[in-house]
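The structure file my_file-v1.cif is reproduced below (mmCIF, N, CA and C atoms).
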data_protein
loop_
_atom_site.label_atom_id
_atom_site.label_comp_id
_atom_site.auth_asym_id
_atom_site.auth_seq_id
_atom_site.Cartn_x
_atom_site.Cartn_y
_atom_site.Cartn_z
N MET M 1 -5.24 35.13 -21.99
CA MET M 1 -4.32 35.06 -20.88
C MET M 1 -3.99 33.60 -20.59
N SER M 2 -2.73 33.29 -20.56
CA SER M 2 -2.29 31.93 -20.30
C SER M 2 -1.98 31.77 -18.81
N THR M 3 -2.43 30.65 -18.25
CA THR M 3 -2.15 30.38 -16.84
C THR M 3 -0.82 29.67 -16.67
N GLY M 4 -0.25 29.16 -17.77
CA GLY M 4 1.03 28.46 -17.68
C GLY M 4 0.90 27.15 -16.96
N ASP M 5 2.02 26.54 -16.68
CA ASP M 5 2.03 25.28 -15.94
C ASP M 5 1.95 25.59 -14.46
N PHE M 6 0.89 25.12 -13.84
CA PHE M 6 0.69 25.37 -12.41
C PHE M 6 0.26 24.08 -11.76
N SER M 7 0.96 23.68 -10.72
CA SER M 7 0.56 22.49 -10.00
C SER M 7 0.40 22.83 -8.52
N LEU M 8 -0.59 22.23 -7.94
CA LEU M 8 -0.84 22.44 -6.53
C LEU M 8 0.15 21.63 -5.71
N PRO M 9 0.49 22.10 -4.51
CA PRO M 9 1.38 21.32 -3.64
C PRO M 9 0.75 19.97 -3.33
N ALA M 10 1.58 19.01 -3.05
CA ALA M 10 1.10 17.67 -2.73
C ALA M 10 1.95 17.07 -1.62
N ARG M 11 1.41 16.09 -0.97
CA ARG M 11 2.13 15.42 0.10
C ARG M 11 3.31 14.62 -0.44
N VAL M 12 4.36 14.55 0.38
CA VAL M 12 5.55 13.77 0.04
C VAL M 12 5.74 12.72 1.13
N LEU M 13 6.02 11.49 0.70
CA LEU M 13 6.32 10.41 1.63
C LEU M 13 7.84 10.26 1.66
N GLY M 14 8.43 10.35 2.85
CA GLY M 14 9.88 10.22 3.00
C GLY M 14 10.23 8.88 3.63
N LEU M 15 11.23 8.22 3.06
CA LEU M 15 11.65 6.91 3.56
C LEU M 15 13.10 6.95 4.02
N ASP M 16 13.35 6.39 5.19
CA ASP M 16 14.70 6.20 5.71
C ASP M 16 14.93 4.70 5.75
N VAL M 17 15.54 4.18 4.69
CA VAL M 17 15.65 2.73 4.50
C VAL M 17 16.90 2.19 5.18
N GLY M 18 16.69 1.26 6.09
CA GLY M 18 17.79 0.57 6.75
C GLY M 18 17.73 -0.91 6.47
N SER M 19 18.67 -1.67 6.98
CA SER M 19 18.70 -3.10 6.72
C SER M 19 17.61 -3.86 7.46
N LYS M 20 17.12 -3.31 8.59
CA LYS M 20 16.11 -4.00 9.39
C LYS M 20 14.76 -3.29 9.40
N THR M 21 14.76 -1.97 9.22
CA THR M 21 13.53 -1.20 9.27
C THR M 21 13.53 -0.11 8.20
N ILE M 22 12.33 0.42 7.95
CA ILE M 22 12.16 1.58 7.06
C ILE M 22 11.37 2.62 7.85
N GLY M 23 12.00 3.75 8.14
CA GLY M 23 11.30 4.84 8.79
C GLY M 23 10.49 5.60 7.77
N VAL M 24 9.26 5.96 8.12
CA VAL M 24 8.36 6.63 7.18
C VAL M 24 7.89 7.96 7.78
N ALA M 25 7.98 9.00 6.97
CA ALA M 25 7.47 10.32 7.35
C ALA M 25 6.61 10.83 6.21
N VAL M 26 5.67 11.72 6.53
CA VAL M 26 4.81 12.31 5.50
C VAL M 26 4.74 13.81 5.72
N SER M 27 4.72 14.54 4.62
CA SER M 27 4.65 16.00 4.73
C SER M 27 3.21 16.45 4.89
N ASP M 28 3.05 17.69 5.31
CA ASP M 28 1.73 18.30 5.33
C ASP M 28 1.33 18.55 3.87
N PRO M 29 0.05 18.85 3.60
CA PRO M 29 -0.40 19.03 2.22
C PRO M 29 0.34 20.12 1.45
N LEU M 30 0.88 21.11 2.14
CA LEU M 30 1.62 22.17 1.45
C LEU M 30 3.09 21.84 1.26
N GLY M 31 3.54 20.75 1.86
CA GLY M 31 4.92 20.34 1.72
C GLY M 31 5.90 21.16 2.54
N LEU M 32 5.41 21.79 3.60
CA LEU M 32 6.26 22.66 4.42
C LEU M 32 6.92 21.94 5.58
N THR M 33 6.20 20.99 6.18
CA THR M 33 6.74 20.25 7.32
C THR M 33 6.48 18.76 7.13
N ALA M 34 7.17 17.94 7.89
CA ALA M 34 6.95 16.49 7.83
C ALA M 34 6.95 15.93 9.23
N GLN M 35 6.21 14.86 9.40
CA GLN M 35 6.13 14.17 10.68
C GLN M 35 6.36 12.68 10.46
N GLY M 36 7.07 12.04 11.37
CA GLY M 36 7.22 10.59 11.32
C GLY M 36 5.88 9.93 11.56
N VAL M 37 5.56 8.91 10.79
CA VAL M 37 4.27 8.26 10.95
C VAL M 37 4.38 6.80 11.38
N CYS M 38 5.44 6.11 10.99
CA CYS M 38 5.57 4.71 11.40
C CYS M 38 6.95 4.18 11.04
N VAL M 39 7.21 2.98 11.50
CA VAL M 39 8.43 2.25 11.14
C VAL M 39 7.97 0.90 10.61
N ILE M 40 8.44 0.57 9.42
CA ILE M 40 8.12 -0.72 8.81
C ILE M 40 9.25 -1.69 9.13
N LYS M 41 8.91 -2.84 9.68
CA LYS M 41 9.92 -3.88 9.91
C LYS M 41 10.13 -4.60 8.58
N ARG M 42 11.38 -4.60 8.10
CA ARG M 42 11.68 -5.20 6.80
C ARG M 42 11.42 -6.70 6.82
N SER M 43 10.88 -7.22 5.70
CA SER M 43 10.68 -8.66 5.57
C SER M 43 11.16 -9.14 4.21
N SER M 44 10.48 -8.75 3.15
CA SER M 44 10.91 -9.11 1.80
C SER M 44 10.71 -7.89 0.90
N GLY M 45 11.39 -7.86 -0.22
CA GLY M 45 11.28 -6.72 -1.13
C GLY M 45 9.85 -6.46 -1.56
N ASP M 46 9.13 -7.52 -1.94
CA ASP M 46 7.75 -7.34 -2.39
C ASP M 46 6.85 -6.86 -1.26
N SER M 47 7.02 -7.43 -0.08
CA SER M 47 6.21 -7.05 1.07
C SER M 47 6.49 -5.60 1.47
N ASP M 48 7.77 -5.23 1.49
CA ASP M 48 8.16 -3.87 1.85
C ASP M 48 7.58 -2.87 0.84
N ALA M 49 7.70 -3.18 -0.44
CA ALA M 49 7.19 -2.30 -1.49
C ALA M 49 5.67 -2.17 -1.40
N GLY M 50 4.99 -3.26 -1.07
CA GLY M 50 3.55 -3.23 -0.92
C GLY M 50 3.11 -2.33 0.22
N GLU M 51 3.84 -2.37 1.33
CA GLU M 51 3.51 -1.51 2.49
C GLU M 51 3.78 -0.04 2.18
N VAL M 52 4.87 0.24 1.48
CA VAL M 52 5.16 1.62 1.08
C VAL M 52 4.06 2.12 0.14
N SER M 53 3.64 1.29 -0.79
CA SER M 53 2.56 1.66 -1.72
C SER M 53 1.26 1.93 -0.96
N ARG M 54 0.95 1.08 0.01
CA ARG M 54 -0.26 1.25 0.82
C ARG M 54 -0.23 2.58 1.56
N LEU M 55 0.92 2.90 2.15
CA LEU M 55 1.05 4.16 2.89
C LEU M 55 0.98 5.37 1.96
N ALA M 56 1.58 5.27 0.79
CA ALA M 56 1.51 6.36 -0.18
C ALA M 56 0.06 6.63 -0.57
N ASN M 57 -0.70 5.57 -0.77
CA ASN M 57 -2.12 5.74 -1.09
C ASN M 57 -2.90 6.29 0.09
N LEU M 58 -2.63 5.77 1.28
CA LEU M 58 -3.32 6.21 2.49
C LEU M 58 -3.16 7.71 2.71
N TYR M 59 -1.92 8.19 2.56
CA TYR M 59 -1.63 9.61 2.80
C TYR M 59 -1.73 10.46 1.54
N GLN M 60 -2.14 9.86 0.43
CA GLN M 60 -2.30 10.55 -0.85
C GLN M 60 -1.02 11.27 -1.25
N ALA M 61 0.11 10.59 -1.05
CA ALA M 61 1.40 11.16 -1.42
C ALA M 61 1.58 11.05 -2.94
N GLU M 62 2.07 12.11 -3.54
CA GLU M 62 2.32 12.10 -4.97
C GLU M 62 3.80 11.91 -5.28
N THR M 63 4.64 12.02 -4.26
CA THR M 63 6.08 11.86 -4.43
C THR M 63 6.62 11.03 -3.28
N ILE M 64 7.58 10.17 -3.59
CA ILE M 64 8.27 9.40 -2.56
C ILE M 64 9.75 9.75 -2.64
N VAL M 65 10.32 10.12 -1.49
CA VAL M 65 11.73 10.49 -1.41
C VAL M 65 12.43 9.45 -0.54
N VAL M 66 13.53 8.89 -1.04
CA VAL M 66 14.29 7.90 -0.29
C VAL M 66 15.59 8.54 0.16
N GLY M 67 15.82 8.53 1.47
CA GLY M 67 17.03 9.12 2.02
C GLY M 67 18.26 8.32 1.65
N TYR M 68 19.37 9.01 1.52
CA TYR M 68 20.64 8.39 1.20
C TYR M 68 21.63 8.76 2.29
N PRO M 69 22.02 7.80 3.14
CA PRO M 69 22.92 8.14 4.25
C PRO M 69 24.31 8.52 3.76
N VAL M 70 24.87 9.53 4.38
CA VAL M 70 26.22 9.96 4.07
C VAL M 70 27.22 8.99 4.69
N SER M 71 26.90 8.51 5.89
CA SER M 71 27.75 7.52 6.55
C SER M 71 26.87 6.60 7.37
N LEU M 72 27.37 5.43 7.68
CA LEU M 72 26.59 4.48 8.46
C LEU M 72 26.40 4.92 9.90
N SER M 73 27.24 5.81 10.40
CA SER M 73 27.11 6.27 11.78
C SER M 73 25.98 7.28 11.95
N GLY M 74 25.44 7.78 10.84
CA GLY M 74 24.37 8.77 10.91
C GLY M 74 24.89 10.19 11.03
N ALA M 75 26.20 10.37 11.05
CA ALA M 75 26.80 11.70 11.18
C ALA M 75 26.78 12.44 9.86
#
Go ahead and render the structure in this file as structure tokens.
Amino acid sequence: MSTGDFSLPARVLGLDVGSKTIGVAVSDPLGLTAQGVCVIKRSSGDSDAGEVSRLANLYQAETIVVGYPVSLSGA
């Protein structure tokens, strides 16, 4: 009997990247809901990436999703 490809659900880190801040949310372990966890004040690319990496490790996120705004007004 083959079990096939089966993967357990994992946390997802969601990013809302703006010019001054990055909003961060994390999903529950089953990936059903997400909650905002913090806002990163932008400084430099390396510093921002390091903080995102730290948060991904902290929350054991296996996937990072970056939001893409449809318009600058947020509509």
> Can you list what the PyMOL selection byres ((chain M and resi 10) around 6.5) grabs from this structure, as JSON, numbers by chain?
Replying inline: {"M": [8, 9, 11, 12, 28, 29, 30, 31, 61, 62, 63]}
Could you dump the residues just selected with N, CA and C atoms as a PDB file, keeping the file's coordinate frame?
ATOM      1  N   LEU M   8      -0.590  22.230  -7.940  1.00  0.00           N
ATOM      2  CA  LEU M   8      -0.840  22.440  -6.530  1.00  0.00           C
ATOM      3  C   LEU M   8       0.150  21.630  -5.710  1.00  0.00           C
ATOM      4  N   PRO M   9       0.490  22.100  -4.510  1.00  0.00           N
ATOM      5  CA  PRO M   9       1.380  21.320  -3.640  1.00  0.00           C
ATOM      6  C   PRO M   9       0.750  19.970  -3.330  1.00  0.00           C
ATOM      7  N   ARG M  11       1.410  16.090  -0.970  1.00  0.00           N
ATOM      8  CA  ARG M  11       2.130  15.420   0.100  1.00  0.00           C
ATOM      9  C   ARG M  11       3.310  14.620  -0.440  1.00  0.00           C
ATOM     10  N   VAL M  12       4.360  14.550   0.380  1.00  0.00           N
ATOM     11  CA  VAL M  12       5.550  13.770   0.040  1.00  0.00           C
ATOM     12  C   VAL M  12       5.740  12.720   1.130  1.00  0.00           C
ATOM     13  N   ASP M  28       3.050  17.690   5.310  1.00  0.00           N
ATOM     14  CA  ASP M  28       1.730  18.300   5.330  1.00  0.00           C
ATOM     15  C   ASP M  28       1.330  18.550   3.870  1.00  0.00           C
ATOM     16  N   PRO M  29       0.050  18.850   3.600  1.00  0.00           N
ATOM     17  CA  PRO M  29      -0.400  19.030   2.220  1.00  0.00           C
ATOM     18  C   PRO M  29       0.340  20.120   1.450  1.00  0.00           C
ATOM     19  N   LEU M  30       0.880  21.110   2.140  1.00  0.00           N
ATOM     20  CA  LEU M  30       1.620  22.170   1.450  1.00  0.00           C
ATOM     21  C   LEU M  30       3.090  21.840   1.260  1.00  0.00           C
ATOM     22  N   GLY M  31       3.540  20.750   1.860  1.00  0.00           N
ATOM     23  CA  GLY M  31       4.920  20.340   1.720  1.00  0.00           C
ATOM     24  C   GLY M  31       5.900  21.160   2.540  1.00  0.00           C
ATOM     25  N   ALA M  61       0.110  10.590  -1.050  1.00  0.00           N
ATOM     26  CA  ALA M  61       1.400  11.160  -1.420  1.00  0.00           C
ATOM     27  C   ALA M  61       1.580  11.050  -2.940  1.00  0.00           C
ATOM     28  N   GLU M  62       2.070  12.110  -3.540  1.00  0.00           N
ATOM     29  CA  GLU M  62       2.320  12.100  -4.970  1.00  0.00           C
ATOM     30  C   GLU M  62       3.800  11.910  -5.280  1.00  0.00           C
ATOM     31  N   THR M  63       4.640  12.020  -4.260  1.00  0.00           N
ATOM     32  CA  THR M  63       6.080  11.860  -4.430  1.00  0.00           C
ATOM     33  C   THR M  63       6.620  11.030  -3.280  1.00  0.00           C
TER      34      THR M  63
END
>> For a quick check of understanding, using all atoms listed in the file, which of M:Ser27, M:Arg54, M:Thr21, M:Gly67 has the smallest distance to Val39 (chain M)?
In response: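 Residue with the minimum atom-to-atom distance to Val39 (chain M): M:Thr21.
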>> With distances taken over only C-alpha atoms, which residue among M:Gly14, M:Gly50, M:Pro69, M:Gly45 lies nearest Thr33 (chain M)?
In response: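 Among the listed residues, the smallest separation from Thr33 (chain M) belongs to M:Gly14.
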>> Please return, as a list in words, all residues of region 9-60 of chain M that DSSP assigns to strand (DSSP E) on the basis of the backbone.
In response: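 Listing strand (DSSP E) positions across region 9-60 of chain M yields Arg11, Val12, Leu13, Gly14, Leu15, Asp16, Val17, Thr21, Ile22, Gly23, Val24, Ala25, Val26, Ser27, Ala34, Gln35, Gly36, Val37, Cys38, Val39, Ile40 and Lys41 of chain M.
Nearest-residue note for Leu13 (chain M): choosing from M:Ile64, M:Ser71, M:Arg42, M:Val37, the minimum distance belongs to M:Ile64, counting only N, CA and C atoms.
Ranking M:Lys20, M:Ser43, M:Leu15, M:Ala56 by their shortest atom-to-atom distance to Tyr68 (chain M), with all atoms listed in the file included, puts M:Leu15 first.
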> Where does the PyMOL selection byres ((chain M and resi 38) around 8) land in this file, that is, which residues does it pick, as a list in words?
Replying inline: Ile22, Gly23, Val24, Ala25, Val26, Gln35, Gly36, Val37, Val39, Ile40 and Lys41 of chain M
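Taking CA of Asp48 (chain M) and atom C of Gly18 (chain M) as the two end points, the separation is 11.0 Å.
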